[in-house]
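These notes concern the structure reproduced below.
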Amino acid sequence: MAHLASLARISMTDDELDVMAGQLDVILGAVSRVQEVAAADIPPTSHPLPLTNVLRDDAPAPSLRPADALAAAPSAEEQRFRVPRILDEE
Amino acid sequence: MTAREICRLDATETARRIADRDVSAVEVAQAHLDRIAALDGDYNAFLHVDADGALAQAKRVDAGEVSGPLAGVPLALKDVIVTKGVPTTAGSRILEGWVPPYDATIVERMREAGIVVLGKTNMDEFAMGSSTEHSGYGPAHNPWGLDRTPGGSGGGSSAAVAGFLAPLAIGTDTGGSIRQPAAVTGTVGIKPTYGGVSRYGLIAFSSSLDQAGPCARTVLDAALLHEVIGGHDARDSTSIDAAVPHVVEAARSGDVTGMRIGVVKQFAGDGYQPGVSARFDEAVSTLAALGAEVVEVSCPHFDYALAAYYLIAPSEASSNLARYDAMRYGLRVGDDGEASAEAVMAATREAGFGAEVKRRIILGTYALSAGYYDAYYGQAQKVRTLIKRDFESAFEQVDVLVSPTTPTTAFKLGERVDDPLEMYLADLCTIPSNLYGGPAMSVPCGLSDDGLPVGFQVMAPVLADDRLYRVGAALEGALDTVALLDEAWARSTSQTSRA
């Protein structure tokens, strides 16, 4: 559970992890029914529409002004998003 | 007209009176804003009321700048649809205070049609839930009984329509979030064909399932709104490039003579409240009496739809919700100058997401992880194929499929919130259409023994949305279901006098 929470980037408390582990067991027990049907020769469906490579014309159009794009930023500096450090110190 | 008389009108009649200058669009907007102010303390249907925006749009209608069959009609917009300059949260604390820099396509289309958006409605966080109890801002309450859920995730929209706070609303439906709320509030809700209404500006939960659609008190009102918001949009690559089905014409006709109607065998029996089954069976008999041909149809893989859905939807959600990373917009927690970006992300997501959203992200992360992918996500996709085939073979025999919309009437707030699986059962009958991609409607078919509304579900083939409206209008006319809402009106009126 702690590994899954870390993959999902959620820093859950130990109590939260305990509760969720129990719930996940119950839910997985129910949804594993999908393993009872569908033989190997059944193709998967990922999407309801048979669309592929939908492209639009490469026409220039106005985009967001920097001030609008940054208006909701938790932190901004010099017309850029300011983010916490992304590299380890070593 | 008095404010009370104005709020009592359906959308079609409201638009006609405005066009005839019996009443102004500004008066109509103000009457609804006043009613929201008086009543929404009880319902908690709105997360944000945009009085200035609503009155400005109403003035444009009165000045003759916009016209159309719904010009001047107020609408309640689910908070999962982005609105430029108007706060949008999707029911989540992680987006509290976010003001989007752009409008969704359907918002643009409604503005051009003269529709007056009153505000943004309450919902389960990121549309994950069946009761609005997973909203980050407290649950919405059902006008039929304030201790009951108005359904979910679109419970704010259904409560607004049933409580006469707005004659129209927009919902979104990933596994039933338009239809189940409609069923438990005695209103009409439609999930259009997947790709029939643009998803541009719809905050994504599960991209292969999400679909926006209309909510209303009458079938014709819903059809008029459907034609406003439907149609191809180049900004949504999954939008279908085809004409909008003739839903208004179908809603005006309501002729089911010779129509072949298939009752889904799998959606009956144990687990269905007796009053729900009784009203459903009577409605089927009514359709037969109106000239439809009724047969029973077996869709054996529908029994596996719930399981497939609760793997596919959380898997897609775990990917879609990765964008809430505390970097570009929304909440940021723990940025003390020392903490790494990764630590800030994890602290923000812990603080900003509610329990159900975390549960689904973790479930999706598990189902997609190396070693489990084939057994869970991969297998669920195969079941999706089998369900699609069930629909396709059923539609070789019949024109539409029908079932109860939901196994029970509105349950009490608090009753299921601690039991995720029990909550998921509310969407048992609605999920198959999302997995298949076809359109489906919930239309009222009477009251159960407990005095609460029962929903009748109609499912149609891809791009045959008009058939839903034909069947819905037939039932609405024969059963006089619009009159059922007199009861909700009476209850809300007594609530008004109390407020």
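Order determines the names: the first chain of the structure tokens is A, the second B, and so forth; residues in each chain are numbered 1 upward, and ligands are numbered 1 upward as they are shown.
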Item checked: strand (DSSP E) call set, DSSP backbone run, region 353-447 of chain B, as an MDAnalysis selection string -> chainID B and resid 400:404 440:447
Margin query: Only residues of chain A matter here; which ones have an atom within 9 Å of chain B, counting only C-alpha atoms? Give them as a ChimeraX atom specification.
Written below: /A:1,4-13,16,20,23-24,26-28,30-35,37-40,42-49,51,53-56,64,68-76,81-88
Checklist line | Members of region 11-59 of chain A assigned helix (DSSP H, G or I) by DSSP, as a list in words | finding: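 DSSP on the backbone gives helix (DSSP H, G or I) at Asp14, Asp15, Glu16, Leu17, Asp18, Val19, Met20, Ala21, Gly22, Gln23, Leu24, Asp25, Val26, Ile27, Leu28, Gly29, Ala30, Val31, Ser32, Arg33, Val34, Gln35 and Glu36 of chain A.
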Notebook entry, point to check: Please, what distance in Å, to one decimal, runs between CA of Ala140 (chain B) and CA of Gly176 (chain B)?
Noted result: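 According to the coordinates, CA of Ala140 (chain B) and CA of Gly176 (chain B) are separated by 17.1 Å.
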Notebook entry, point to check: Leaving out Gly196 (chain B) and any residue of its chain fewer than 3 positions from it, which residues lie within 10 Å of it when counting only C-alpha atoms, given as a list in words?
Noted result: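 Close residues of Gly196 (chain B): Lys191, Pro192, Thr193, Arg199, Gln211, Ala212, Gly213, His226, Ile229, Gly230, Gly231, His232, Asp233, Thr238, Ser239, Ile240, Asp241, Ala242, Ala243, Val244, Pro245, Gly437, Gly438, Pro439, Val462, Leu463 and Asp465 of chain B.
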Notebook entry, point to check: Of the candidates B:Gly455, B:Gly136, B:Pro404, B:Pro444, which shows the shortest atom-to-atom distance to Thr218 (chain B), using only C-alpha atoms?
Noted result: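 Once distances to Thr218 (chain B) are computed over only C-alpha atoms, the minimum belongs to B:Pro444.
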